>>> print(open('protein_24.txt').read())   # compact mmCIF, C-alpha atoms
# COMPACT_ATOMS: atom_id res chain seq x y z
CA MET J 1 14.30 -12.74 20.14
CA ASN J 2 14.24 -10.81 16.85
CA ARG J 3 11.04 -9.45 15.37
CA PRO J 4 10.46 -12.12 12.65
CA ALA J 5 10.96 -14.86 15.26
CA GLU J 6 8.48 -13.16 17.59
CA LEU J 7 5.92 -12.97 14.81
CA GLU J 8 6.47 -16.58 13.78
CA LYS J 9 5.91 -17.61 17.39
CA LEU J 10 2.68 -15.59 17.39
CA PHE J 11 1.49 -17.29 14.21
CA GLN J 12 2.41 -20.71 15.58
CA ASP J 13 0.44 -20.00 18.74
CA HIS J 14 -2.59 -19.33 16.53
CA SER J 15 -1.98 -22.46 14.40
CA ILE J 16 -1.35 -20.29 11.32
CA ASP J 17 0.68 -21.67 8.42
CA TYR J 18 2.99 -18.72 7.60
CA ILE J 19 5.32 -20.36 5.08
CA ALA J 20 3.94 -18.78 1.89
CA PRO J 21 2.52 -15.36 0.91
CA GLU J 22 -1.21 -14.69 1.35
CA PHE J 23 -1.45 -16.52 4.67
CA TYR J 24 -3.62 -13.60 5.78
CA ASN J 25 -6.44 -15.63 4.21
CA HIS J 26 -5.57 -18.77 6.18
CA PRO J 27 -8.67 -19.82 8.21
CA ALA J 28 -6.76 -19.58 11.48
CA PHE J 29 -5.51 -16.11 10.57
CA LEU J 30 -9.05 -14.96 9.76
CA ALA J 31 -10.26 -16.37 13.07
CA ALA J 32 -7.57 -14.41 14.92
CA GLU J 33 -8.50 -11.28 12.95
CA ARG J 34 -12.15 -11.60 13.96
CA LYS J 35 -11.05 -11.45 17.58
CA ASN J 36 -8.51 -8.70 16.95
CA PRO J 37 -9.19 -6.40 13.96
CA GLU J 38 -5.58 -5.21 14.14
CA PHE J 39 -4.16 -8.69 13.56
CA LEU J 40 -3.43 -7.87 9.90
CA TRP J 41 -0.77 -5.51 11.25
CA GLU J 42 1.26 -8.61 12.10
CA TYR J 43 1.20 -9.76 8.47
CA ALA J 44 2.41 -6.36 7.25
CA ASP J 45 5.13 -6.37 9.89
CA TYR J 46 6.23 -9.88 8.92
CA VAL J 47 6.45 -9.01 5.22
CA ARG J 48 8.79 -6.10 5.90
CA SER J 49 10.92 -7.79 8.59
CA ARG J 50 11.33 -11.45 7.58
CA HIS J 51 14.59 -12.69 6.10
CA TYR J 52 14.77 -12.97 2.31
CA PRO J 53 17.46 -15.25 0.86
CA GLU J 54 19.90 -13.81 -1.64
CA GLU J 55 18.36 -15.77 -4.52
CA TYR J 56 14.91 -14.46 -3.65
CA VAL J 57 16.17 -10.89 -3.60
CA ARG J 58 17.85 -11.39 -6.96
CA LYS J 59 14.67 -12.75 -8.53
CA ALA J 60 12.50 -10.02 -7.04
CA THR J 61 14.89 -7.27 -8.09
CA ASP J 62 14.75 -8.54 -11.66
CA ALA J 63 11.07 -9.51 -11.99
CA VAL J 64 9.05 -7.10 -9.84
CA PRO J 65 9.92 -3.98 -11.92
CA ARG J 66 8.86 -5.80 -15.09
CA ILE J 67 5.58 -6.88 -13.50
CA VAL J 68 4.93 -3.35 -12.24
CA GLN J 69 5.65 -1.83 -15.66
CA PHE J 70 3.21 -4.23 -17.33
CA LEU J 71 0.46 -3.45 -14.80
CA PHE J 72 1.05 0.30 -15.04
CA ASP J 73 0.75 0.14 -18.84
CA ALA J 74 -2.49 -1.84 -18.44
CA LEU J 75 -3.81 0.82 -16.03
CA VAL J 76 -2.99 3.61 -18.47
CA GLU J 77 -4.74 1.68 -21.23
CA ASP J 78 -7.81 1.37 -19.02
CA GLY J 79 -7.71 5.13 -18.38
CA ARG J 80 -9.20 5.08 -14.90
CA LEU J 81 -7.93 7.65 -12.42
CA GLY J 82 -8.06 7.44 -8.64
CA ALA J 83 -7.81 3.64 -8.58
CA CYS J 84 -4.99 3.38 -6.04
CA LEU J 85 -6.71 0.81 -3.82
CA ASP J 86 -8.04 -1.38 -6.62
CA VAL J 87 -4.69 -1.35 -8.41
CA SER J 88 -2.81 -2.19 -5.22
CA LEU J 89 -5.15 -5.10 -4.44
CA ALA J 90 -4.88 -6.55 -7.94
CA THR J 91 -1.10 -6.09 -8.00
CA SER J 92 -0.81 -7.81 -4.64
CA LYS J 93 -2.76 -10.86 -5.82
CA ILE J 94 -0.65 -11.11 -8.98
CA LEU J 95 2.65 -10.78 -7.11
CA GLU J 96 1.54 -13.58 -4.80
CA GLN J 97 1.06 -15.84 -7.82
CA TYR J 98 4.73 -15.29 -8.59
CA GLY J 99 5.66 -16.10 -5.02
CA PHE J 100 6.61 -12.54 -4.09
CA TRP J 101 5.78 -11.38 -0.58
CA ASN J 102 4.02 -8.03 -0.34
CA ALA J 103 1.78 -5.94 1.86
CA ILE J 104 -0.60 -3.10 1.04
CA GLN J 105 -0.46 0.08 3.07
CA THR J 106 -3.18 2.70 3.10
CA GLY J 107 -2.94 6.19 4.49
CA SER J 108 -2.25 9.78 3.56
CA LEU J 109 -0.10 11.18 0.78
CA THR J 110 1.26 14.73 0.75
CA ALA J 111 2.95 15.91 -2.44
CA ASP J 112 5.12 18.96 -1.88
CA LEU J 113 5.56 20.54 -5.30
CA SER J 114 6.21 24.02 -3.88
CA HIS J 115 9.70 24.30 -5.39
CA ALA J 116 8.25 24.16 -8.88
CA LYS J 117 6.92 27.40 -10.31
CA SER J 118 3.20 27.97 -9.63
CA ARG J 119 2.85 24.58 -7.92
CA LYS J 120 1.30 23.96 -4.54
CA THR J 121 1.32 21.19 -1.97
CA ARG J 122 -1.30 18.53 -2.65
CA HIS J 123 -2.93 16.36 0.01
CA TRP J 124 -4.73 13.03 -0.15
CA ALA J 125 -5.74 12.77 3.49
CA GLN J 126 -6.81 9.53 5.15
CA LEU J 127 -9.43 11.02 7.49
CA MET J 128 -12.52 11.94 5.48
CA PRO J 129 -16.14 12.83 6.28
CA PRO J 130 -18.67 9.99 6.67
CA GLY J 131 -20.22 8.85 3.42
CA ARG J 132 -17.28 9.78 1.19
CA ASP J 133 -16.96 7.26 -1.64
CA ALA J 134 -13.20 7.03 -1.27
CA LYS J 135 -12.17 4.45 1.31
CA VAL J 136 -8.59 5.63 1.78
CA GLY J 137 -6.50 8.69 1.14
CA HIS J 138 -4.01 6.67 -0.88
CA ALA J 139 -2.71 3.10 -1.20
CA TRP J 140 0.69 1.67 -2.07
CA LEU J 141 2.70 -1.55 -1.65
CA VAL J 142 5.69 -2.88 0.22
CA VAL J 143 7.35 -5.56 -1.91
CA PRO J 144 10.75 -6.50 -0.46
CA PRO J 145 13.45 -5.72 -1.35
CA PHE J 146 11.48 -2.69 -2.62
CA ILE J 147 10.47 -0.61 0.37
CA HIS J 148 7.89 1.34 -1.59
CA ILE J 149 5.92 0.85 -4.82
CA ASP J 150 3.28 3.39 -5.86
CA LEU J 151 1.70 2.68 -9.25
CA THR J 152 -0.88 5.46 -9.11
CA VAL J 153 0.90 8.56 -7.79
CA THR J 154 0.43 10.24 -11.20
CA ARG J 155 -2.91 8.55 -11.90
CA GLN J 156 -4.99 10.53 -9.42
CA GLN J 157 -7.83 12.90 -10.26
CA GLU J 158 -6.89 16.43 -11.34
CA ASN J 159 -3.14 16.10 -11.03
CA ASP J 160 -1.77 16.94 -14.45
CA ASP J 161 0.91 18.99 -12.70
CA MET J 162 2.23 15.88 -10.97
CA ARG J 163 2.44 14.02 -14.27
CA GLU J 164 4.70 16.78 -15.52
CA LEU J 165 6.99 16.71 -12.49
CA LEU J 166 7.14 13.06 -11.42
CA PRO J 167 8.03 9.72 -12.99
CA PRO J 168 4.99 7.67 -14.07
CA TYR J 169 5.18 5.50 -10.96
CA ILE J 170 7.52 4.91 -8.03
CA ILE J 171 9.52 1.78 -7.24
CA THR J 172 12.38 2.21 -4.81
CA LYS J 173 14.52 0.43 -2.25
CA GLU J 174 15.30 3.64 -0.37
CA VAL J 175 13.13 6.21 1.37
CA GLY J 176 13.75 9.17 3.64
CA SER J 177 12.32 10.26 6.96
CA VAL J 178 9.46 12.64 7.71
CA GLU J 179 9.67 15.23 10.46
CA GLY J 180 6.28 15.20 12.12
CA VAL J 181 2.74 15.13 10.80
CA SER J 182 0.48 18.13 10.20
CA PHE J 183 -3.29 18.58 10.34
CA GLU J 184 -3.43 18.91 6.56
CA ASP J 185 -1.52 15.64 6.13
CA MET J 186 -4.24 13.69 7.91
CA VAL J 187 -7.56 15.56 7.60
CA ASP J 188 -9.56 16.16 4.43
CA PRO J 189 -10.80 19.78 4.01
CA GLU J 190 -14.43 18.60 3.92
CA LEU J 191 -14.02 16.90 7.30
CA LYS J 192 -12.38 20.02 8.67
CA ALA J 193 -15.35 22.11 7.50
CA LEU J 194 -17.79 19.59 8.99
CA TRP J 195 -16.07 19.70 12.36
CA PHE J 196 -16.21 23.50 12.37
CA GLN J 197 -19.86 23.48 11.36
CA GLN J 198 -20.78 21.05 14.15
CA THR J 199 -18.60 22.39 16.97
CA GLY J 200 -17.48 25.87 16.03
CA PHE J 201 -13.79 24.97 16.22
CA VAL J 202 -11.22 22.76 14.54
CA PRO J 203 -9.11 20.34 16.64
CA THR J 204 -5.33 20.37 16.61
CA ILE J 205 -3.37 17.53 15.03
CA HIS J 206 -2.67 16.21 18.53
CA GLU J 207 -6.39 16.11 19.29
CA VAL J 208 -7.04 14.46 15.94
CA MET J 209 -4.59 11.68 16.72
CA LYS J 210 -6.11 11.19 20.17
CA GLN J 211 -9.49 10.77 18.49
CA ASN J 212 -7.95 8.12 16.22
CA PRO J 213 -5.80 6.02 18.57
CA ALA J 214 -5.48 3.06 16.18
CA VAL J 215 -4.05 5.34 13.49
CA ALA J 216 -1.66 6.87 16.01
CA ARG J 217 -0.47 3.44 17.12
CA TYR J 218 -0.01 2.28 13.55
CA MET J 219 2.04 5.32 12.60
CA THR J 220 4.26 4.67 15.59
CA ARG J 221 4.87 1.13 14.39
CA PHE J 222 5.03 1.91 10.66
CA ARG J 223 6.71 5.25 10.47
CA PRO J 224 5.88 7.95 7.89
CA PHE J 225 8.47 8.25 5.16
CA SER J 226 9.38 10.43 2.20
CA VAL J 227 10.47 9.98 -1.40
CA GLN J 228 12.53 12.74 -2.98
CA LEU J 229 12.04 13.21 -6.71
CA GLY J 230 14.03 16.15 -7.99
CA THR J 231 12.62 19.26 -6.34
CA SER J 232 9.43 17.46 -5.31
CA THR J 233 8.94 15.59 -2.04
CA LEU J 234 6.29 12.93 -1.53
CA LYS J 235 5.41 12.19 2.09
CA TYR J 236 3.54 9.00 2.98
CA PHE J 237 1.71 8.41 6.26
CA PRO J 238 0.78 4.73 6.76
CA CYS J 239 -2.49 4.42 8.69
CA HIS J 240 -3.62 0.83 8.17
CA PRO J 241 -2.77 -2.25 6.09
CA THR J 242 -5.32 -3.96 3.90
CA ALA J 243 -5.58 -7.13 1.81
CA ALA J 244 -7.98 -8.71 -0.66
CA GLU J 245 -10.52 -11.00 0.95
CA GLU J 246 -11.19 -12.78 -2.35
CA THR J 247 -9.08 -15.63 -3.60
CA PHE J 248 -6.98 -14.96 -6.67
CA GLU J 249 -9.44 -16.88 -8.87
CA LYS J 250 -12.37 -14.71 -7.77
CA HIS J 251 -10.63 -11.34 -7.65
CA THR J 252 -11.59 -8.50 -10.00
CA GLY J 253 -9.44 -5.40 -10.07
CA HIS J 254 -11.94 -2.98 -11.71
CA CYS J 255 -9.02 -1.12 -13.27
CA PHE J 256 -7.83 -3.21 -16.21
CA SER J 257 -10.39 -2.67 -18.96
CA GLY J 258 -12.96 -5.04 -17.52
CA ARG J 259 -10.60 -7.99 -17.18
CA ARG J 260 -10.63 -10.08 -14.04
CA THR J 261 -7.34 -10.38 -12.20
CA PRO J 262 -6.65 -13.94 -13.47
CA GLU J 263 -7.14 -12.70 -17.04
CA VAL J 264 -4.63 -9.90 -16.47
CA PHE J 265 -2.27 -12.47 -14.99
CA GLU J 266 -2.54 -14.64 -18.12
CA ASP J 267 -1.60 -11.65 -20.28
CA LEU J 268 1.27 -10.87 -17.91
CA VAL J 269 2.62 -14.42 -18.12
CA ARG J 270 2.74 -14.15 -21.90
CA ALA J 271 4.64 -10.86 -21.64
CA VAL J 272 6.94 -11.54 -18.68
CA GLY J 273 7.14 -15.30 -18.11
CA MET J 274 5.74 -18.12 -16.03
CA PRO J 275 5.86 -17.99 -12.21
CA GLU J 276 8.09 -21.06 -12.06
CA GLU J 277 10.52 -19.34 -14.40
CA ILE J 278 10.95 -16.08 -12.53
CA GLY J 279 9.08 -16.44 -9.22
CA ALA J 280 10.37 -17.06 -5.71
CA ASN J 281 9.33 -19.78 -3.32
CA SER J 282 11.14 -18.87 -0.14
>>> encode(input="protein_24.txt", output="structure tokens")
Amino acid sequence: MNRPAELEKLFQDHSIDYIAPEFYNHPAFLAAERKNPEFLWEYADYVRSRHYPEEYVRKATDAVPRIVQFLFDALVEDGRLGACLDVSLATSKILEQYGFWNAIQTGSLTADLSHAKSRKTRHWAQLMPPGRDAKVGHAWLVVPPFIHIDLTVTRQQENDDMRELLPPYIITKEVGSVEGVSFEDMVDPELKALWFQQTGFVPTIHEVMKQNPAVARYMTRFRPFSVQLGTSTLKYFPCHPTAAEETFEKHTGHCFSGRRTPEVFEDLVRAVGMPEEIGANS
């Protein structure tokens, strides 16, 4: 049995209607997730592995870049930096309105800019000290047939150098591999300092992963990947999926100049077109 069929059998066994996007908010899905906090992994796996008809792929290839461009322009107009999670959540809800399947990944981002003069490697690590306001190191989307969409890679705090070296955002159907994971990829410097202060030593990356078995399991299932952009290499380390608990009607993105997500969607429809005109239903 192939992977999508296995997942569909799993959803059927839990009485989950899996026909349309956003079934992660189906009551039966939420009930399963309460029993198993890792059940959302199955949704992310299904999004990336299910079959997409040729017509769906054609529509997504045409429409998703236009939707992403509109939302990126709206984010720039807002001016907020460091909004990767909020932007990803709002984008996900809007794509669902158009019938496009998607999943949000959260984890670490390492930007290797070392080939550029006077540039250094930058890290947005997933594992942070308790009490840190940031919930994730970074967040991005999987929107088949696009393997990777990152609207905020150049909209992080204190990264003017990345804006000079990288395109405004990333949308791609192809990614590369990553050879291993380092301590710096996963652990924020403040957490490293806290560990040393409390214990007098810093664990190895192997010990870190043993202390975070769910992250280790997820990275085995959803492998780290890279995006090559000229002389710069971006390395992504998926650690956990996430999704908006609110319905589309109640969702607020906090990153589009005070507009609620449905209001942004209305502006998008005027600019790009109605869901029934460009969306996908299969």
>>> closest_residue(input="protein_24.txt", among="J:Gln69, J:Ser92, J:Gln12, J:Thr110", to="Tyr236 of chain J", atoms="all atoms listed in the file")
J:Thr110
>>> closest_residue(input="protein_24.txt", among="J:Phe39, J:Tyr46, J:Tyr18, J:Phe265", to="Gly253 of chain J", atoms="all atoms listed in the file")
J:Phe265
>>> residues_around(input="protein_24.txt", residues="Ala83 of chain J", least_positions_apart="5", cutoff="10 Å", atoms="all atoms listed in the file", output="PyMOL selection string")
chain J and resi 75+88+134+138-139+151-152+155-157+253-255
>>> atom_distance(input="protein_24.txt", atom1="atom CA of Phe222 of chain J", atom2="atom CA of Leu165 of chain J")
27.5 Å
>>> residues_around(input="protein_24.txt", residues="Arg132 of chain J", least_positions_apart="3", cutoff="10 Å", atoms="only C-alpha atoms", output="ChimeraX atom specification")
/J:128-129,135-136,190-191
>>> atom_distance(input="protein_24.txt", atom1="atom CA of Glu96 of chain J", atom2="atom CA of Tyr24 of chain J")
11.8 Å
>>> closest_residue(input="protein_24.txt", among="J:Val264, J:Leu71, J:Asn25, J:Phe100", to="Leu40 of chain J", atoms="only C-alpha atoms")
J:Asn25
>>> closest_residue(input="protein_24.txt", among="J:Gly176, J:Gly82, J:Pro27, J:Gly279", to="Tyr56 of chain J", atoms="only C-alpha atoms")
J:Gly279
>>> closest_residue(input="protein_24.txt", among="J:Ala125, J:Cys84, J:Val143, J:Leu109", to="Arg48 of chain J", atoms="only C-alpha atoms")
J:Val143
>>> closest_residue(input="protein_24.txt", among="J:Thr220, J:Thr154, J:Ser182, J:Gln97", to="Thr204 of chain J", atoms="only C-alpha atoms")
J:Ser182
>>> atom_distance(input="protein_24.txt", atom1="atom CA of Leu30 of chain J", atom2="atom CA of Glu246 of chain J")
12.5 Å
>>> residues_around(input="protein_24.txt", residues="Phe248 of chain J", least_positions_apart="4", cutoff="8 Å", atoms="all atoms listed in the file", output="list in words")
Lys93, Ile94, Thr261 and Pro262 of chain J
>>> residues_near_point(input="protein_24.txt", point="(6.6, 15.7, 5.5)", cutoff="6 Å", atoms="only C-alpha atoms", output="MDAnalysis selection string")
chainID J and resid 178:179 235
